[in-house]
Amino acid sequence: MIYIGTHVMPWEVGEFRHQVRLHRLTMIHLEKKHLNNITLVPTLNLNDEIIDWGNSKLPKEYYIEHFKISCKTLEDTIQVKPRIGGVTSTTEALKRNIEDILTDEDYYLWMDPDLSYPYTYWSTLLESFEVLQNHPGHFIITPSTTKLWDQSWDILVNEDQLSLPYGDEGWYNSKFEDYFYTDLEASLTQTPTIKLGGGFGNLFSGKTLKLFGVPDDYILYGGIDTYVMIGAEFLRQRNLLIQYRMQNIVTIQDFKFSDKEMYKSFTPTFLAKDDQRELNENKNKIYQKSINTLINKLNGIL
């Protein structure tokens, strides 16, 4: 089974609904055998310590119903197993999915609710998956990205964006419609090192994520993609993991159709993402401790 893990904050319900419609429009081309092997496991975050419900102009019930309607929209296409509440962050949702749902025989697609993707995303991903699922080791299938912040991301950047300057320009100004339909042929290329953004639409073998796990320290937002990336690089260096990038399959945020900031104006936060990341990092330097623990664990069992 391929599980799509998507964590939704209240102000992301509009973007999640756009994404659900995108799922419907792109999955219609898939064979029934593939659709029967895909399950969406979305989580709606209602945490009182993160969200300032006391000053929200919209009640929890509004977001719950919005979320439920979106989930129901997909029920005649793929299986949907929604979770409402019970988590602090996208990291905790990932932790619960790994521990409660995934087996070593499953696969996990990590997808943020504000992510948009080309109409050939699923067909290309599944073709790649069918080739790699019998691979005896671990693997990651990763889409291409726009130009990002520094040179370390260039191994994921689509070829048409490589000449752009580093920074936020490619991320914020690239047009989703330029990548939704493309005449460029999709292909796979192996990455020389491991690089990924957690919710960019990466597909992981379930045994990889279960091997790494999510430390209890990573309950607030931030750092978990780096943790997974370093663990995966450790395996790659021992020829136990391969990462492939899907060339000309670019996942992107469609900022023109984002209503996130509008919802945030109605429902404020106690802790923004950057605040959570800073709290995690400054508390006890937990990121480095957790990564060291992971590397020691992998050294002991491989």
# chains A, B, ... in the order shown; residues from 1 in each chain; ligands from 1
>>> residues_around(residues="segment 55-66 of chain A", least_positions_apart="4", cutoff="6 Å", atoms="only C-alpha atoms", output="list in words")
Pro10, Phe266 and Thr267 of chain A
>>> write_last_selection(atoms="N, CA, C and O atoms", output="PDB file, in the first residue's frame")
ATOM      1  N   PRO A  10      -5.361  24.427  10.433  1.00  0.00           N
ATOM      2  CA  PRO A  10      -6.667  25.008  10.086  1.00  0.00           C
ATOM      3  C   PRO A  10      -6.596  25.978   8.915  1.00  0.00           C
ATOM      4  O   PRO A  10      -7.485  25.978   8.053  1.00  0.00           O
ATOM      5  N   PHE A 266      -8.085  35.122  10.347  1.00  0.00           N
ATOM      6  CA  PHE A 266      -9.248  34.762  11.167  1.00  0.00           C
ATOM      7  C   PHE A 266      -8.864  33.895  12.361  1.00  0.00           C
ATOM      8  O   PHE A 266      -9.530  33.938  13.396  1.00  0.00           O
ATOM      9  N   THR A 267      -7.820  33.101  12.215  1.00  0.00           N
ATOM     10  CA  THR A 267      -7.441  32.157  13.268  1.00  0.00           C
ATOM     11  C   THR A 267      -5.945  32.277  13.519  1.00  0.00           C
ATOM     12  O   THR A 267      -5.134  31.696  12.789  1.00  0.00           O
TER      13      THR A 267
END
>>> select_by_dssp(residues="segment 146-183 of chain A", states="helix (DSSP H, G or I)", output="PDB file with all heavy atoms, in the first residue's frame")
ATOM      1  N   GLN A 151      23.469  26.077  -3.196  1.00  0.00           N
ATOM      2  CA  GLN A 151      23.959  25.084  -4.153  1.00  0.00           C
ATOM      3  C   GLN A 151      23.609  23.654  -3.774  1.00  0.00           C
ATOM      4  O   GLN A 151      23.500  22.777  -4.641  1.00  0.00           O
ATOM      5  CB  GLN A 151      25.481  25.226  -4.287  1.00  0.00           C
ATOM      6  CG  GLN A 151      26.089  24.381  -5.388  1.00  0.00           C
ATOM      7  CD  GLN A 151      27.586  24.609  -5.522  1.00  0.00           C
ATOM      8  OE1 GLN A 151      28.193  25.297  -4.702  1.00  0.00           O
ATOM      9  NE2 GLN A 151      28.184  24.045  -6.550  1.00  0.00           N
ATOM     10  N   SER A 152      23.417  23.395  -2.488  1.00  0.00           N
ATOM     11  CA  SER A 152      23.147  22.027  -2.044  1.00  0.00           C
ATOM     12  C   SER A 152      21.846  21.473  -2.620  1.00  0.00           C
ATOM     13  O   SER A 152      21.668  20.256  -2.717  1.00  0.00           O
ATOM     14  CB  SER A 152      23.105  21.965  -0.510  1.00  0.00           C
ATOM     15  OG  SER A 152      21.955  22.654  -0.003  1.00  0.00           O
ATOM     16  N   TRP A 153      20.939  22.377  -3.031  1.00  0.00           N
ATOM     17  CA  TRP A 153      19.657  21.947  -3.589  1.00  0.00           C
ATOM     18  C   TRP A 153      19.729  21.680  -5.089  1.00  0.00           C
ATOM     19  O   TRP A 153      18.774  21.155  -5.669  1.00  0.00           O
ATOM     20  CB  TRP A 153      18.584  23.009  -3.321  1.00  0.00           C
ATOM     21  CG  TRP A 153      18.194  23.112  -1.882  1.00  0.00           C
ATOM     22  CD1 TRP A 153      18.688  23.989  -0.955  1.00  0.00           C
ATOM     23  CD2 TRP A 153      17.230  22.304  -1.194  1.00  0.00           C
ATOM     24  NE1 TRP A 153      18.090  23.781   0.264  1.00  0.00           N
ATOM     25  CE2 TRP A 153      17.191  22.755   0.145  1.00  0.00           C
ATOM     26  CE3 TRP A 153      16.400  21.253  -1.583  1.00  0.00           C
ATOM     27  CZ2 TRP A 153      16.358  22.180   1.101  1.00  0.00           C
ATOM     28  CZ3 TRP A 153      15.559  20.676  -0.640  1.00  0.00           C
ATOM     29  CH2 TRP A 153      15.549  21.135   0.690  1.00  0.00           C
ATOM     30  N   GLU A 159      16.080  21.261 -14.760  1.00  0.00           N
ATOM     31  CA  GLU A 159      17.114  21.817 -15.626  1.00  0.00           C
ATOM     32  C   GLU A 159      16.791  23.223 -16.129  1.00  0.00           C
ATOM     33  O   GLU A 159      17.688  24.050 -16.312  1.00  0.00           O
ATOM     34  CB  GLU A 159      17.356  20.874 -16.809  1.00  0.00           C
ATOM     35  CG  GLU A 159      18.199  19.653 -16.486  1.00  0.00           C
ATOM     36  CD  GLU A 159      17.546  18.658 -15.554  1.00  0.00           C
ATOM     37  OE1 GLU A 159      16.308  18.759 -15.335  1.00  0.00           O
ATOM     38  OE2 GLU A 159      18.246  17.792 -15.019  1.00  0.00           O
ATOM     39  N   ASP A 160      15.517  23.532 -16.337  1.00  0.00           N
ATOM     40  CA  ASP A 160      15.164  24.849 -16.868  1.00  0.00           C
ATOM     41  C   ASP A 160      15.374  25.964 -15.859  1.00  0.00           C
ATOM     42  O   ASP A 160      15.329  27.144 -16.211  1.00  0.00           O
ATOM     43  CB  ASP A 160      13.711  24.845 -17.357  1.00  0.00           C
ATOM     44  CG  ASP A 160      12.722  24.733 -16.212  1.00  0.00           C
ATOM     45  OD1 ASP A 160      12.886  23.820 -15.373  1.00  0.00           O
ATOM     46  OD2 ASP A 160      11.792  25.555 -16.146  1.00  0.00           O
ATOM     47  N   GLN A 161      15.616  25.597 -14.577  1.00  0.00           N
ATOM     48  CA  GLN A 161      15.780  26.617 -13.535  1.00  0.00           C
ATOM     49  C   GLN A 161      17.217  26.730 -13.019  1.00  0.00           C
ATOM     50  O   GLN A 161      17.505  27.579 -12.183  1.00  0.00           O
ATOM     51  CB  GLN A 161      14.853  26.292 -12.359  1.00  0.00           C
ATOM     52  CG  GLN A 161      13.377  26.430 -12.664  1.00  0.00           C
ATOM     53  CD  GLN A 161      12.662  27.319 -11.671  1.00  0.00           C
ATOM     54  OE1 GLN A 161      13.187  27.687 -10.621  1.00  0.00           O
ATOM     55  NE2 GLN A 161      11.442  27.699 -12.011  1.00  0.00           N
ATOM     56  N   GLU A 169      13.434  33.514  -5.290  1.00  0.00           N
ATOM     57  CA  GLU A 169      12.760  33.938  -6.525  1.00  0.00           C
ATOM     58  C   GLU A 169      12.102  32.764  -7.248  1.00  0.00           C
ATOM     59  O   GLU A 169      10.939  32.835  -7.644  1.00  0.00           O
ATOM     60  CB  GLU A 169      13.752  34.637  -7.451  1.00  0.00           C
ATOM     61  CG  GLU A 169      13.094  35.153  -8.731  1.00  0.00           C
ATOM     62  CD  GLU A 169      14.071  35.891  -9.620  1.00  0.00           C
ATOM     63  OE1 GLU A 169      15.168  36.231  -9.142  1.00  0.00           O
ATOM     64  OE2 GLU A 169      13.735  36.126 -10.797  1.00  0.00           O
ATOM     65  N   GLY A 170      12.841  31.685  -7.436  1.00  0.00           N
ATOM     66  CA  GLY A 170      12.271  30.536  -8.126  1.00  0.00           C
ATOM     67  C   GLY A 170      11.104  29.936  -7.371  1.00  0.00           C
ATOM     68  O   GLY A 170      10.109  29.509  -7.965  1.00  0.00           O
ATOM     69  N   TRP A 171      11.213  29.923  -6.050  1.00  0.00           N
ATOM     70  CA  TRP A 171      10.176  29.327  -5.196  1.00  0.00           C
ATOM     71  C   TRP A 171       8.879  30.133  -5.247  1.00  0.00           C
ATOM     72  O   TRP A 171       7.796  29.568  -5.386  1.00  0.00           O
ATOM     73  CB  TRP A 171      10.713  29.256  -3.769  1.00  0.00           C
ATOM     74  CG  TRP A 171       9.818  28.581  -2.776  1.00  0.00           C
ATOM     75  CD1 TRP A 171       9.108  29.160  -1.769  1.00  0.00           C
ATOM     76  CD2 TRP A 171       9.538  27.180  -2.692  1.00  0.00           C
ATOM     77  NE1 TRP A 171       8.405  28.231  -1.059  1.00  0.00           N
ATOM     78  CE2 TRP A 171       8.654  26.999  -1.601  1.00  0.00           C
ATOM     79  CE3 TRP A 171       9.948  26.072  -3.425  1.00  0.00           C
ATOM     80  CZ2 TRP A 171       8.185  25.744  -1.241  1.00  0.00           C
ATOM     81  CZ3 TRP A 171       9.474  24.815  -3.051  1.00  0.00           C
ATOM     82  CH2 TRP A 171       8.610  24.669  -1.979  1.00  0.00           C
ATOM     83  N   TYR A 172       8.989  31.445  -5.136  1.00  0.00           N
ATOM     84  CA  TYR A 172       7.794  32.282  -5.036  1.00  0.00           C
ATOM     85  C   TYR A 172       7.253  32.759  -6.385  1.00  0.00           C
ATOM     86  O   TYR A 172       6.056  33.034  -6.501  1.00  0.00           O
ATOM     87  CB  TYR A 172       8.081  33.497  -4.140  1.00  0.00           C
ATOM     88  CG  TYR A 172       8.188  33.151  -2.683  1.00  0.00           C
ATOM     89  CD1 TYR A 172       9.423  33.202  -2.026  1.00  0.00           C
ATOM     90  CD2 TYR A 172       7.079  32.764  -1.945  1.00  0.00           C
ATOM     91  CE1 TYR A 172       9.536  32.873  -0.685  1.00  0.00           C
ATOM     92  CE2 TYR A 172       7.178  32.432  -0.603  1.00  0.00           C
ATOM     93  CZ  TYR A 172       8.406  32.485   0.020  1.00  0.00           C
ATOM     94  OH  TYR A 172       8.514  32.143   1.349  1.00  0.00           O
ATOM     95  N   ASN A 173       8.110  32.858  -7.373  1.00  0.00           N
ATOM     96  CA  ASN A 173       7.677  33.475  -8.626  1.00  0.00           C
ATOM     97  C   ASN A 173       7.441  32.506  -9.772  1.00  0.00           C
ATOM     98  O   ASN A 173       6.901  32.897 -10.807  1.00  0.00           O
ATOM     99  CB  ASN A 173       8.714  34.524  -9.063  1.00  0.00           C
ATOM    100  CG  ASN A 173       8.814  35.677  -8.075  1.00  0.00           C
ATOM    101  OD1 ASN A 173       7.849  35.989  -7.375  1.00  0.00           O
ATOM    102  ND2 ASN A 173       9.978  36.293  -7.995  1.00  0.00           N
ATOM    103  N   PHE A 176       2.880  27.787 -11.514  1.00  0.00           N
ATOM    104  CA  PHE A 176       2.461  26.394 -11.483  1.00  0.00           C
ATOM    105  C   PHE A 176       1.999  25.914 -12.849  1.00  0.00           C
ATOM    106  O   PHE A 176       2.305  24.798 -13.267  1.00  0.00           O
ATOM    107  CB  PHE A 176       1.335  26.229 -10.446  1.00  0.00           C
ATOM    108  CG  PHE A 176       0.625  24.907 -10.527  1.00  0.00           C
ATOM    109  CD1 PHE A 176       1.323  23.710 -10.379  1.00  0.00           C
ATOM    110  CD2 PHE A 176      -0.743  24.843 -10.756  1.00  0.00           C
ATOM    111  CE1 PHE A 176       0.670  22.487 -10.452  1.00  0.00           C
ATOM    112  CE2 PHE A 176      -1.392  23.636 -10.829  1.00  0.00           C
ATOM    113  CZ  PHE A 176      -0.686  22.453 -10.674  1.00  0.00           C
ATOM    114  N   GLU A 177       1.298  26.781 -13.591  1.00  0.00           N
ATOM    115  CA  GLU A 177       0.768  26.360 -14.884  1.00  0.00           C
ATOM    116  C   GLU A 177       1.870  26.012 -15.875  1.00  0.00           C
ATOM    117  O   GLU A 177       1.654  25.231 -16.817  1.00  0.00           O
ATOM    118  CB  GLU A 177      -0.154  27.438 -15.473  1.00  0.00           C
ATOM    119  CG  GLU A 177       0.446  28.829 -15.566  1.00  0.00           C
ATOM    120  CD  GLU A 177       0.162  29.690 -14.354  1.00  0.00           C
ATOM    121  OE1 GLU A 177      -0.011  29.130 -13.229  1.00  0.00           O
ATOM    122  OE2 GLU A 177       0.129  30.925 -14.512  1.00  0.00           O
ATOM    123  N   ASP A 178       3.082  26.556 -15.680  1.00  0.00           N
ATOM    124  CA  ASP A 178       4.197  26.225 -16.568  1.00  0.00           C
ATOM    125  C   ASP A 178       4.651  24.780 -16.396  1.00  0.00           C
ATOM    126  O   ASP A 178       5.297  24.211 -17.289  1.00  0.00           O
ATOM    127  CB  ASP A 178       5.386  27.151 -16.308  1.00  0.00           C
ATOM    128  CG  ASP A 178       5.119  28.581 -16.761  1.00  0.00           C
ATOM    129  OD1 ASP A 178       4.173  28.787 -17.543  1.00  0.00           O
ATOM    130  OD2 ASP A 178       5.856  29.484 -16.318  1.00  0.00           O
ATOM    131  N   TYR A 179       4.326  24.200 -15.248  1.00  0.00           N
ATOM    132  CA  TYR A 179       4.777  22.842 -14.950  1.00  0.00           C
ATOM    133  C   TYR A 179       3.643  21.828 -14.924  1.00  0.00           C
ATOM    134  O   TYR A 179       3.901  20.620 -14.915  1.00  0.00           O
ATOM    135  CB  TYR A 179       5.532  22.821 -13.614  1.00  0.00           C
ATOM    136  CG  TYR A 179       6.824  23.600 -13.690  1.00  0.00           C
ATOM    137  CD1 TYR A 179       6.930  24.863 -13.127  1.00  0.00           C
ATOM    138  CD2 TYR A 179       7.925  23.076 -14.369  1.00  0.00           C
ATOM    139  CE1 TYR A 179       8.103  25.579 -13.227  1.00  0.00           C
ATOM    140  CE2 TYR A 179       9.109  23.795 -14.470  1.00  0.00           C
ATOM    141  CZ  TYR A 179       9.191  25.049 -13.891  1.00  0.00           C
ATOM    142  OH  TYR A 179      10.365  25.769 -14.002  1.00  0.00           O
ATOM    143  N   PHE A 180       2.401  22.298 -14.892  1.00  0.00           N
ATOM    144  CA  PHE A 180       1.287  21.349 -14.862  1.00  0.00           C
ATOM    145  C   PHE A 180       1.210  20.578 -16.173  1.00  0.00           C
ATOM    146  O   PHE A 180       1.091  19.357 -16.192  1.00  0.00           O
ATOM    147  CB  PHE A 180      -0.036  22.072 -14.602  1.00  0.00           C
ATOM    148  CG  PHE A 180      -1.192  21.111 -14.477  1.00  0.00           C
ATOM    149  CD1 PHE A 180      -1.283  20.267 -13.384  1.00  0.00           C
ATOM    150  CD2 PHE A 180      -2.176  21.042 -15.448  1.00  0.00           C
ATOM    151  CE1 PHE A 180      -2.336  19.364 -13.253  1.00  0.00           C
ATOM    152  CE2 PHE A 180      -3.227  20.156 -15.335  1.00  0.00           C
ATOM    153  CZ  PHE A 180      -3.311  19.316 -14.235  1.00  0.00           C
TER     154      PHE A 180
END
>>> residues_around(residues="Lys260 of chain A", least_positions_apart="6", cutoff="12 Å", atoms="only C-alpha atoms", output="list in words")
Val8, Met9, Pro10, Trp11, Glu12, Val13, Gly14, Glu15, Phe16, Arg17, His18, Pro113, Asp114, Gln253, Asp254, Phe266, Thr267 and Pro268 of chain A
>>> closest_residue(among="A:Ile291, A:Leu156, A:Met246, A:Leu125", to="Gly223 of chain A", atoms="only C-alpha atoms")
A:Ile291
>>> residues_around(residues="Gln247 of chain A", least_positions_apart="5", cutoff="7 Å", atoms="only C-alpha atoms", output="list in words")
Ser144, Asn158, Ala186, Ser187 and Leu188 of chain A
>>> write_last_selection(atoms="C-alpha atoms", output="PDB file, in the first residue's frame")
ATOM      1  CA  SER A 144      12.255  18.030  -9.124  1.00  0.00           C
ATOM      2  CA  ASN A 158      14.797  21.089 -12.708  1.00  0.00           C
ATOM      3  CA  ALA A 186       9.944  12.694 -17.683  1.00  0.00           C
ATOM      4  CA  SER A 187      12.889  10.504 -16.718  1.00  0.00           C
ATOM      5  CA  LEU A 188      14.726   9.245 -13.652  1.00  0.00           C
TER       6      LEU A 188
END
>>> closest_residue(among="A:Leu164, A:Leu294, A:Ile141, A:Leu46", to="Phe234 of chain A", atoms="only C-alpha atoms")
A:Leu294
>>> closest_residue(among="A:Ser116, A:Ser174, A:Asn45, A:Thr73", to="Gly85 of chain A", atoms="only C-alpha atoms")
A:Asn45
>>> atom_distance(atom1="atom CA of Leu35 of chain A", atom2="atom CA of Gln19 of chain A")
16.6 Å
>>> closest_residue(among="A:His135, A:Lys256, A:Lys210, A:Lys195", to="Met229 of chain A", atoms="only C-alpha atoms")
A:Lys195
>>> atom_distance(atom1="atom CA of Lys81 of chain A", atom2="atom CA of Pro136 of chain A")
29.1 Å
